[in-house]
>>> print(open('run29.cif').read())   # mmCIF, C-alpha atoms
data_start
#
loop_
_atom_site.label_atom_id
_atom_site.label_comp_id
_atom_site.auth_asym_id
_atom_site.auth_seq_id
_atom_site.Cartn_x
_atom_site.Cartn_y
_atom_site.Cartn_z
CA MET A 1 -18.31 55.96 12.14
CA TRP A 2 -19.62 53.80 14.98
CA ASN A 3 -19.78 50.59 13.01
CA PRO A 4 -16.39 49.03 12.16
CA ASP A 5 -17.63 47.33 8.97
CA GLU A 6 -16.66 50.19 6.70
CA TYR A 7 -13.36 50.66 8.51
CA LEU A 8 -12.39 47.01 8.02
CA LYS A 9 -13.42 47.17 4.37
CA GLN A 10 -11.29 50.28 3.96
CA LEU A 11 -8.26 48.55 5.47
CA LEU A 12 -8.65 45.55 3.17
CA ASP A 13 -9.26 47.74 0.11
CA GLU A 14 -6.07 49.65 0.82
CA VAL A 15 -3.89 46.54 1.02
CA ARG A 16 -1.48 46.25 -1.90
CA PRO A 17 0.50 43.01 -1.49
CA ALA A 18 4.18 43.84 -1.81
CA GLU A 19 4.95 40.71 -3.84
CA ALA A 20 1.82 40.32 -5.99
CA PHE A 21 2.64 38.31 -9.12
CA GLY A 22 3.33 40.61 -12.06
CA ALA A 23 6.33 39.08 -13.83
CA ARG A 24 6.50 39.58 -17.60
CA THR A 25 9.63 37.55 -18.33
CA THR A 26 11.13 34.36 -16.95
CA GLU A 27 13.97 36.41 -15.46
CA GLU A 28 11.50 38.63 -13.60
CA TRP A 29 9.63 35.51 -12.47
CA ARG A 30 12.78 33.90 -11.03
CA ALA A 31 13.64 37.06 -9.10
CA TRP A 32 10.05 37.38 -7.85
CA GLN A 33 9.90 33.73 -6.81
CA ALA A 34 13.14 33.98 -4.83
CA ARG A 35 12.01 37.14 -3.02
CA LEU A 36 8.52 35.94 -2.16
CA ARG A 37 9.64 32.45 -1.14
CA ALA A 38 12.22 33.83 1.29
CA LYS A 39 9.83 36.38 2.81
CA PHE A 40 7.00 33.83 3.06
CA ALA A 41 9.22 31.27 4.78
CA GLU A 42 10.24 33.95 7.27
CA LEU A 43 6.60 34.80 8.07
CA LEU A 44 5.75 31.13 8.62
CA ALA A 45 8.56 31.04 11.21
CA GLU A 46 10.38 27.72 11.29
CA PRO A 47 10.40 26.29 14.83
CA ALA A 48 13.68 26.17 16.73
CA ASN A 49 15.86 23.12 17.37
CA ARG A 50 15.32 21.04 14.26
CA ARG A 51 15.98 17.35 14.92
CA GLU A 52 16.77 14.39 12.72
CA PRO A 53 13.73 12.13 12.17
CA ALA A 54 15.11 9.01 13.99
CA PRO A 55 12.08 6.87 12.97
CA VAL A 56 10.59 4.32 15.35
CA VAL A 57 7.96 1.75 14.32
CA LEU A 58 4.95 1.99 16.65
CA GLU A 59 2.61 -0.58 15.07
CA ALA A 60 2.19 -2.60 11.90
CA ALA A 61 -0.73 -4.21 10.06
CA ASP A 62 -1.26 -6.33 6.95
CA CYS A 63 -4.04 -4.76 4.87
CA GLY A 64 -4.18 -7.31 2.06
CA ASP A 65 -2.63 -5.61 -0.97
CA TYR A 66 -0.61 -3.17 1.15
CA THR A 67 0.99 -2.86 4.56
CA ARG A 68 0.29 -0.13 7.08
CA GLU A 69 2.86 0.98 9.65
CA ARG A 70 2.56 3.73 12.23
CA ILE A 71 5.94 5.37 12.63
CA GLY A 72 7.09 8.12 14.98
CA ILE A 73 9.71 10.69 14.04
CA SER A 74 11.33 13.58 15.88
CA THR A 75 10.78 17.04 14.38
CA TYR A 76 11.61 20.11 16.53
CA GLY A 77 12.58 20.47 20.18
CA LYS A 78 10.51 18.02 22.20
CA LEU A 79 7.98 17.50 19.39
CA ALA A 80 7.54 14.06 17.87
CA MET A 81 5.12 13.26 15.07
CA PRO A 82 3.36 9.94 14.43
CA MET A 83 2.46 9.06 10.86
CA TYR A 84 1.07 6.18 8.90
CA VAL A 85 3.15 4.69 6.10
CA LEU A 86 1.15 2.71 3.55
CA LYS A 87 3.18 0.62 1.11
CA PRO A 88 1.84 -1.57 -1.71
CA LYS A 89 3.05 -5.13 -1.53
CA ALA A 90 3.83 -4.82 -5.24
CA TYR A 91 5.49 -1.41 -4.78
CA ARG A 92 7.86 -0.21 -7.48
CA ARG A 93 10.20 2.72 -6.90
CA GLU A 94 9.04 4.51 -10.05
CA ARG A 95 5.50 4.78 -8.67
CA GLY A 96 6.77 7.41 -6.23
CA ALA A 97 5.51 8.63 -2.87
CA VAL A 98 2.73 10.96 -1.79
CA ILE A 99 2.50 12.79 1.53
CA ALA A 100 -1.23 12.86 2.35
CA LEU A 101 -2.36 15.72 4.61
CA HIS A 102 -5.63 15.63 6.50
CA GLY A 103 -7.95 18.51 7.24
CA HIS A 104 -10.01 19.22 10.35
CA GLY A 105 -11.39 16.13 12.00
CA TYR A 106 -9.79 13.38 14.04
CA GLY A 107 -6.46 13.28 12.28
CA SER A 108 -4.46 10.79 10.26
CA ARG A 109 -6.62 7.77 11.05
CA ASP A 110 -9.41 9.31 8.96
CA LEU A 111 -7.29 9.09 5.78
CA VAL A 112 -6.31 5.43 6.24
CA GLY A 113 -9.80 3.99 6.75
CA LEU A 114 -9.83 3.91 10.55
CA ASN A 115 -12.16 5.31 13.19
CA PRO A 116 -10.76 7.51 15.98
CA ASP A 117 -10.28 4.42 18.17
CA GLY A 118 -8.32 2.62 15.45
CA THR A 119 -11.07 0.21 14.40
CA PRO A 120 -11.88 -0.10 10.68
CA LYS A 121 -14.40 2.35 9.26
CA ALA A 122 -17.73 1.14 7.92
CA GLY A 123 -20.20 3.11 5.83
CA ASP A 124 -19.72 6.77 4.90
CA PRO A 125 -15.97 7.52 4.54
CA GLY A 126 -16.53 11.23 5.32
CA TYR A 127 -15.39 14.31 3.40
CA GLN A 128 -11.79 13.08 3.16
CA LYS A 129 -12.86 9.78 1.55
CA ASN A 130 -9.97 7.63 2.84
CA PHE A 131 -7.85 9.23 0.14
CA ALA A 132 -4.56 7.79 1.42
CA VAL A 133 -5.97 4.29 0.82
CA GLU A 134 -7.06 5.32 -2.68
CA LEU A 135 -3.51 6.47 -3.41
CA VAL A 136 -1.74 3.39 -2.05
CA ARG A 137 -4.03 1.24 -4.20
CA ARG A 138 -2.71 3.17 -7.22
CA GLY A 139 0.76 1.88 -6.35
CA HIS A 140 2.23 4.80 -4.42
CA LEU A 141 3.98 4.72 -1.08
CA VAL A 142 1.81 7.03 1.02
CA VAL A 143 2.87 8.84 4.20
CA VAL A 144 0.15 10.33 6.40
CA PRO A 145 1.47 12.59 9.18
CA GLU A 146 -0.61 13.53 12.23
CA LEU A 147 -0.65 17.32 12.03
CA LEU A 148 -0.01 19.23 15.25
CA GLY A 149 -3.21 19.82 17.22
CA PHE A 150 -5.19 16.82 15.92
CA GLY A 151 -5.68 13.20 16.92
CA ASP A 152 -2.90 11.98 19.19
CA ARG A 153 -1.29 15.44 19.08
CA LYS A 154 -3.92 17.45 20.94
CA LEU A 155 -3.20 19.23 24.21
CA ALA A 156 -4.19 17.26 27.30
CA GLU A 157 -6.89 19.84 28.10
CA ASP A 158 -8.53 19.12 24.72
CA ALA A 159 -8.75 15.36 25.11
CA GLY A 160 -12.53 15.48 24.79
CA ARG A 161 -12.58 18.09 22.02
CA GLY A 162 -11.99 17.91 18.29
CA ASP A 163 -8.67 19.74 18.12
CA SER A 164 -6.24 22.09 19.88
CA CYS A 165 -6.02 24.69 17.11
CA HIS A 166 -7.14 27.68 19.18
CA ARG A 167 -4.84 27.30 22.18
CA LEU A 168 -1.84 26.27 20.12
CA SER A 169 -2.36 29.11 17.64
CA THR A 170 -2.81 31.87 20.22
CA ASN A 171 0.17 30.76 22.31
CA LEU A 172 2.41 30.43 19.28
CA LEU A 173 1.36 33.85 17.97
CA VAL A 174 2.36 35.47 21.26
CA LEU A 175 5.77 33.85 20.80
CA GLY A 176 6.11 35.18 17.25
CA GLN A 177 5.42 31.78 15.70
CA THR A 178 2.48 30.22 13.86
CA LEU A 179 0.61 26.94 13.91
CA ALA A 180 0.57 26.97 10.10
CA GLY A 181 4.35 27.25 10.16
CA HIS A 182 4.73 24.37 12.60
CA ARG A 183 2.56 22.14 10.42
CA VAL A 184 4.36 23.10 7.23
CA TYR A 185 7.86 22.65 8.63
CA GLU A 186 6.96 19.37 10.35
CA THR A 187 5.67 18.16 6.98
CA LEU A 188 9.09 19.00 5.55
CA ARG A 189 10.66 16.87 8.29
CA CYS A 190 8.31 14.13 7.09
CA LEU A 191 9.74 14.73 3.60
CA ASP A 192 13.24 14.29 5.06
CA TYR A 193 12.10 10.92 6.37
CA VAL A 194 10.72 9.88 2.97
CA LEU A 195 13.97 10.80 1.23
CA ALA A 196 16.04 8.91 3.80
CA ARG A 197 14.07 5.66 3.38
CA GLY A 198 16.02 4.61 0.30
CA ASP A 199 13.05 3.11 -1.55
CA VAL A 200 11.61 6.32 -3.05
CA ASP A 201 12.70 8.16 -6.19
CA ALA A 202 13.52 11.73 -5.10
CA GLU A 203 12.10 13.01 -8.40
CA ARG A 204 8.72 11.40 -7.70
CA ILE A 205 7.47 12.84 -4.41
CA GLY A 206 4.16 14.68 -4.21
CA VAL A 207 1.73 16.07 -1.66
CA MET A 208 -2.05 15.96 -1.51
CA GLY A 209 -4.09 17.78 1.10
CA ILE A 210 -7.64 18.92 1.74
CA SER A 211 -8.90 21.98 3.61
CA GLY A 212 -6.38 22.69 6.40
CA GLY A 213 -4.27 19.94 4.82
CA GLY A 214 -4.60 21.85 1.56
CA LEU A 215 -3.03 24.83 3.29
CA VAL A 216 -0.13 22.69 4.46
CA ALA A 217 0.29 21.07 1.03
CA SER A 218 0.21 24.47 -0.72
CA PHE A 219 2.61 26.20 1.64
CA ALA A 220 5.06 23.28 1.85
CA ALA A 221 5.23 22.95 -1.96
CA ALA A 222 5.57 26.73 -2.28
CA ILE A 223 8.73 26.87 -0.17
CA ASP A 224 10.38 23.50 -0.91
CA GLU A 225 11.08 22.35 -4.46
CA ARG A 226 11.83 18.81 -3.32
CA ILE A 227 8.06 18.39 -3.56
CA GLY A 228 7.62 17.59 -7.22
CA ALA A 229 3.83 17.85 -7.57
CA ALA A 230 0.85 18.93 -5.49
CA VAL A 231 -2.88 18.31 -5.28
CA VAL A 232 -4.73 21.03 -3.36
CA SER A 233 -8.34 20.20 -2.52
CA GLY A 234 -10.87 22.51 -0.86
CA TYR A 235 -8.39 25.32 -0.18
CA ALA A 236 -7.22 27.19 -3.33
CA ASN A 237 -9.01 30.55 -3.30
CA THR A 238 -8.28 34.15 -2.37
CA PHE A 239 -7.77 35.18 1.23
CA ARG A 240 -10.16 38.08 0.68
CA ALA A 241 -13.06 35.81 -0.36
CA SER A 242 -12.41 32.94 2.05
CA ILE A 243 -10.63 33.23 5.39
CA LEU A 244 -11.12 37.01 5.60
CA ALA A 245 -14.81 36.86 4.66
CA ILE A 246 -16.10 33.61 6.17
CA PRO A 247 -15.48 32.27 9.71
CA HIS A 248 -12.46 29.96 9.64
CA CYS A 249 -10.25 28.28 12.21
CA ILE A 250 -7.54 30.51 13.65
CA ASP A 251 -4.91 28.07 12.38
CA ASN A 252 -5.30 29.69 8.91
CA PHE A 253 -3.89 33.05 9.95
CA VAL A 254 -0.30 34.22 9.54
CA PRO A 255 0.39 37.80 10.72
CA GLY A 256 1.22 40.21 7.92
CA LEU A 257 0.62 37.70 5.14
CA SER A 258 -1.94 39.78 3.21
CA ARG A 259 0.54 42.64 3.06
CA LEU A 260 3.04 40.29 1.41
CA ALA A 261 0.93 38.26 -1.03
CA GLU A 262 -2.49 36.88 -1.87
CA LEU A 263 -3.14 33.14 -1.90
CA PRO A 264 -2.85 32.79 -5.72
CA ASP A 265 0.59 34.41 -5.50
CA LEU A 266 1.71 31.79 -2.98
CA LEU A 267 0.29 28.98 -5.12
CA ALA A 268 2.17 30.40 -8.11
CA LEU A 269 5.43 29.68 -6.27
CA ILE A 270 4.77 26.01 -7.11
CA ALA A 271 5.09 26.71 -10.86
CA PRO A 272 6.28 25.19 -13.12
CA ARG A 273 5.87 21.98 -11.10
CA PRO A 274 2.60 20.08 -11.65
CA LEU A 275 -0.36 21.40 -9.63
CA LEU A 276 -3.93 20.09 -9.53
CA ILE A 277 -6.69 22.13 -7.91
CA GLU A 278 -9.89 20.44 -6.68
CA ALA A 279 -12.93 22.61 -5.88
CA GLY A 280 -16.52 21.67 -5.10
CA SER A 281 -19.29 23.79 -6.62
CA ARG A 282 -21.09 24.02 -3.27
CA ASP A 283 -18.09 24.51 -0.97
CA PRO A 284 -19.43 26.92 1.68
CA ILE A 285 -16.09 28.13 3.04
CA PHE A 286 -13.94 28.36 -0.12
CA PRO A 287 -16.37 29.86 -2.67
CA LEU A 288 -16.13 28.65 -6.23
CA HIS A 289 -16.05 32.07 -7.89
CA ALA A 290 -12.81 32.85 -6.01
CA VAL A 291 -11.32 29.46 -6.96
CA ASP A 292 -11.96 30.42 -10.58
CA GLU A 293 -10.28 33.77 -9.96
CA ALA A 294 -7.25 32.12 -8.34
CA TYR A 295 -7.01 29.56 -11.14
CA GLY A 296 -7.03 32.32 -13.74
CA GLN A 297 -4.06 33.95 -12.04
CA LEU A 298 -2.27 30.61 -11.87
CA GLN A 299 -2.85 30.09 -15.58
CA ALA A 300 -1.00 33.35 -16.26
CA ALA A 301 2.00 32.21 -14.21
CA TYR A 302 2.14 28.76 -15.82
CA ALA A 303 1.71 30.29 -19.30
CA LEU A 304 4.63 32.64 -18.70
CA LEU A 305 6.82 29.61 -17.97
CA GLY A 306 5.48 27.57 -20.87
CA ALA A 307 4.12 25.02 -18.39
CA GLU A 308 0.36 25.16 -19.08
CA PRO A 309 -0.02 21.33 -19.27
CA ALA A 310 1.31 21.06 -15.68
CA LEU A 311 -1.71 22.92 -14.28
CA ALA A 312 -5.05 21.12 -13.87
CA TYR A 313 -8.46 21.95 -12.37
CA ASP A 314 -11.10 19.48 -11.15
CA ARG A 315 -14.14 21.77 -10.79
CA PHE A 316 -16.64 19.18 -9.59
CA GLU A 317 -20.24 19.13 -8.40
CA GLY A 318 -19.96 18.73 -4.66
CA ASP A 319 -19.37 20.24 -1.25
CA HIS A 320 -16.23 20.78 0.85
CA GLU A 321 -14.82 17.32 0.10
CA ILE A 322 -12.29 15.30 -1.84
CA SER A 323 -13.25 14.61 -5.45
CA GLY A 324 -10.59 12.18 -6.64
CA THR A 325 -11.97 12.07 -10.19
CA LEU A 326 -8.64 13.31 -11.54
CA ALA A 327 -6.46 13.28 -8.43
CA PHE A 328 -6.41 9.58 -7.57
CA ASP A 329 -4.75 8.67 -10.89
CA TRP A 330 -2.93 11.97 -11.47
CA PHE A 331 0.39 11.18 -9.79
CA ALA A 332 0.65 7.84 -11.60
CA GLY A 333 0.13 9.63 -14.92
CA LEU A 334 2.81 12.19 -14.10
CA TRP A 335 5.36 9.63 -13.07
CA ALA A 336 4.86 6.96 -15.73
CA SER A 337 8.34 6.18 -17.04
CA ARG A 338 9.39 5.56 -20.64
CA GLU A 339 9.83 1.86 -19.88
CA GLU A 340 6.64 1.34 -17.89
CA VAL A 341 3.35 3.10 -18.40
CA ALA A 342 1.15 3.32 -15.30
CA PRO A 343 -2.02 1.20 -15.60
#
>>> encode(input="run29.cif", output="structure tokens")
Amino acid sequence: MWNPDEYLKQLLDEVRPAEAFGARTTEEWRAWQARLRAKFAELLAEPANRREPAPVVLEAADCGDYTRERIGISTYGKLAMPMYVLKPKAYRRERGAVIALHGHGYGSRDLVGLNPDGTPKAGDPGYQKNFAVELVRRGHLVVVPELLGFGDRKLAEDAGRGDSCHRLSTNLLVLGQTLAGHRVYETLRCLDYVLARGDVDAERIGVMGISGGGLVASFAAAIDERIGAAVVSGYANTFRASILAIPHCIDNFVPGLSRLAELPDLLALIAPRPLLIEAGSRDPIFPLHAVDEAYGQLQAAYALLGAEPALAYDRFEGDHEISGTLAFDWFAGLWASREEVAP
């Protein structure tokens, strides 16, 4: 067999994920969730030397109906992470907070309506559609971290390139760590910051991410129940049909993960918390048929827990992009209190 195609197919066909979802009772589900969550967190590999956030305000702007601050926090070792914090001027605690996670591109500025140089965008908002601005205008406090390897957090050698995913990933892998893990655990440090602010209800914190940000949103919500709800756009799928079949950035890969679980299994760790999946019909890198397959598996997990209404699917006509048709108003609907109904 000179050609490795059949060999690779054989290897993938022989994989039987050790923690594939198969629970038949809530007791079996709880035991499965605990096992898979612990093993998954270990594979992601939390960085060493966790630090307290120690926030510092870097800049501030008045954006009319909301304010925008850029804040820096410490995360691990010598790493520090800048993030935008958007807060409605009429903010109410019960409207909650959303951590908004960008995909590939030029980083956090893209989500808050800015160009790479910090000037206001004009014209086409791009595939991420300024979704942090859309959320703050629904009344939420929105935190937009700059994920490692993008924007202001690229390596010096990549100053003229789009990102530092390749060099960071390969070097971290040699050290037994992952770029996905760094991004997930830094997002959880961002969550620590949100909880320490004092103006956010701890029961009303969600995440929303697209593409690579969808990975971070999915994985963070899977391992940390402090995240109460998640929107995953342009990412929910199966590994077999997406990152293992179609060229993807190396930042998607976690050694040994397919032997532990498939992507729908990891998403099922979010149950019974609310989860909204967005998927474009023409997404070229996360094919729709595999989103449907993943969603079917998620339905089984949510049904087992009697939580079917907490699972939603925006299957829209479009490409690899944010939809927002359901997502922009979804958190407000979840968090409407008995005393005040979200407009």
>>> closest_residue(input="run29.cif", among="A:Ser258, A:Gln177, A:Ser108, A:Asn49", to="A:Ile71", atoms="all atoms listed in the file")
A:Ser108
>>> closest_residue(input="run29.cif", among="A:Arg204, A:His289, A:Arg183, A:Arg273", to="A:Ala241", atoms="all atoms listed in the file")
A:His289
>>> closest_residue(input="run29.cif", among="A:Ala236, A:Met83, A:Val231, A:Ile250", to="A:Ala312", atoms="only C-alpha atoms")
A:Val231
>>> residues_around(input="run29.cif", residues="A:Glu27", least_positions_apart="5", cutoff="12 Å", atoms="all atoms listed in the file", output="PyMOL selection string")
chain A and resi 22+32-34+304-305
>>> write_last_selection(input="run29.cif", atoms="C-alpha atoms", output="compact mmCIF listing (two decimals), in the frame of the given file")
# COMPACT_ATOMS: atom_id res chain seq x y z
CA GLY A 22 3.33 40.61 -12.06
CA TRP A 32 10.05 37.38 -7.85
CA GLN A 33 9.90 33.73 -6.81
CA ALA A 34 13.14 33.98 -4.83
CA LEU A 304 4.63 32.64 -18.70
CA LEU A 305 6.82 29.61 -17.97
>>> closest_residue(input="run29.cif", among="A:Ala20, A:Val216, A:Val144, A:Ile227", to="A:Leu179", atoms="only C-alpha atoms")
A:Val216
>>> resolve_selection(input="run29.cif", expression="the PyMOL selection byres ((chain A and resi 53-60) around 12)", output="count of residues only")
40
>>> resolve_selection(input="run29.cif", expression="the PyMOL selection byres ((chain A and resi 313) around 12)", output="compact mmCIF listing (two decimals) with C-alpha atoms, in the coordinates of the input")
# COMPACT_ATOMS: atom_id res chain seq x y z
CA ALA A 230 0.85 18.93 -5.49
CA VAL A 231 -2.88 18.31 -5.28
CA VAL A 232 -4.73 21.03 -3.36
CA SER A 233 -8.34 20.20 -2.52
CA GLY A 234 -10.87 22.51 -0.86
CA ALA A 236 -7.22 27.19 -3.33
CA PRO A 274 2.60 20.08 -11.65
CA LEU A 275 -0.36 21.40 -9.63
CA LEU A 276 -3.93 20.09 -9.53
CA ILE A 277 -6.69 22.13 -7.91
CA GLU A 278 -9.89 20.44 -6.68
CA ALA A 279 -12.93 22.61 -5.88
CA GLY A 280 -16.52 21.67 -5.10
CA LEU A 288 -16.13 28.65 -6.23
CA VAL A 291 -11.32 29.46 -6.96
CA ASP A 292 -11.96 30.42 -10.58
CA ALA A 294 -7.25 32.12 -8.34
CA TYR A 295 -7.01 29.56 -11.14
CA GLY A 296 -7.03 32.32 -13.74
CA LEU A 298 -2.27 30.61 -11.87
CA GLN A 299 -2.85 30.09 -15.58
CA GLU A 308 0.36 25.16 -19.08
CA PRO A 309 -0.02 21.33 -19.27
CA ALA A 310 1.31 21.06 -15.68
CA LEU A 311 -1.71 22.92 -14.28
CA ALA A 312 -5.05 21.12 -13.87
CA ASP A 314 -11.10 19.48 -11.15
CA ARG A 315 -14.14 21.77 -10.79
CA PHE A 316 -16.64 19.18 -9.59
CA SER A 323 -13.25 14.61 -5.45
CA GLY A 324 -10.59 12.18 -6.64
CA THR A 325 -11.97 12.07 -10.19
CA LEU A 326 -8.64 13.31 -11.54
CA ALA A 327 -6.46 13.28 -8.43
CA TRP A 330 -2.93 11.97 -11.47
>>> resolve_selection(input="run29.cif", expression="the PyMOL selection byres ((chain A and resi 37) around 12)", output="PyMOL selection string")
chain A and resi 19+29-36+38-44+219-225+260-261+265-270
>>> residues_around(input="run29.cif", residues="A:Glu157", least_positions_apart="5", cutoff="12 Å", atoms="all atoms listed in the file", output="list of chain:residue names")
A:Gly149, A:Gly162, A:Asp163, A:Ser164, A:His166, A:Arg167, A:Leu168
>>> atom_distance(input="run29.cif", atom1="atom CA of A:Val254", atom2="atom CA of A:Ala180")
7.3 Å
>>> atom_distance(input="run29.cif", atom1="atom CA of A:Leu334", atom2="atom CA of A:Leu101")
19.7 Å
>>> residues_around(input="run29.cif", residues="A:Phe328", least_positions_apart="3", cutoff="8 Å", atoms="only C-alpha atoms", output="list in words")
Phe131, Glu134, Leu135, Arg138, Gly324, Thr325 and Phe331 of chain A
>>> atom_distance(input="run29.cif", atom1="atom CA of A:Arg226", atom2="atom CA of A:Leu148")
22.0 Å
>>> residues_around(input="run29.cif", residues="A:Gly212", least_positions_apart="4", cutoff="8 Å", atoms="only C-alpha atoms", output="number ranges by chain")
A: 102-104, 216, 235, 252
>>> closest_residue(input="run29.cif", among="A:Ile243, A:Leu263, A:Ala159, A:Ile99", to="A:Ala229", atoms="only C-alpha atoms")
A:Ile99
>>> closest_residue(input="run29.cif", among="A:Glu28, A:Asp251, A:Glu6, A:Glu321", to="A:Thr170", atoms="all atoms listed in the file")
A:Asp251
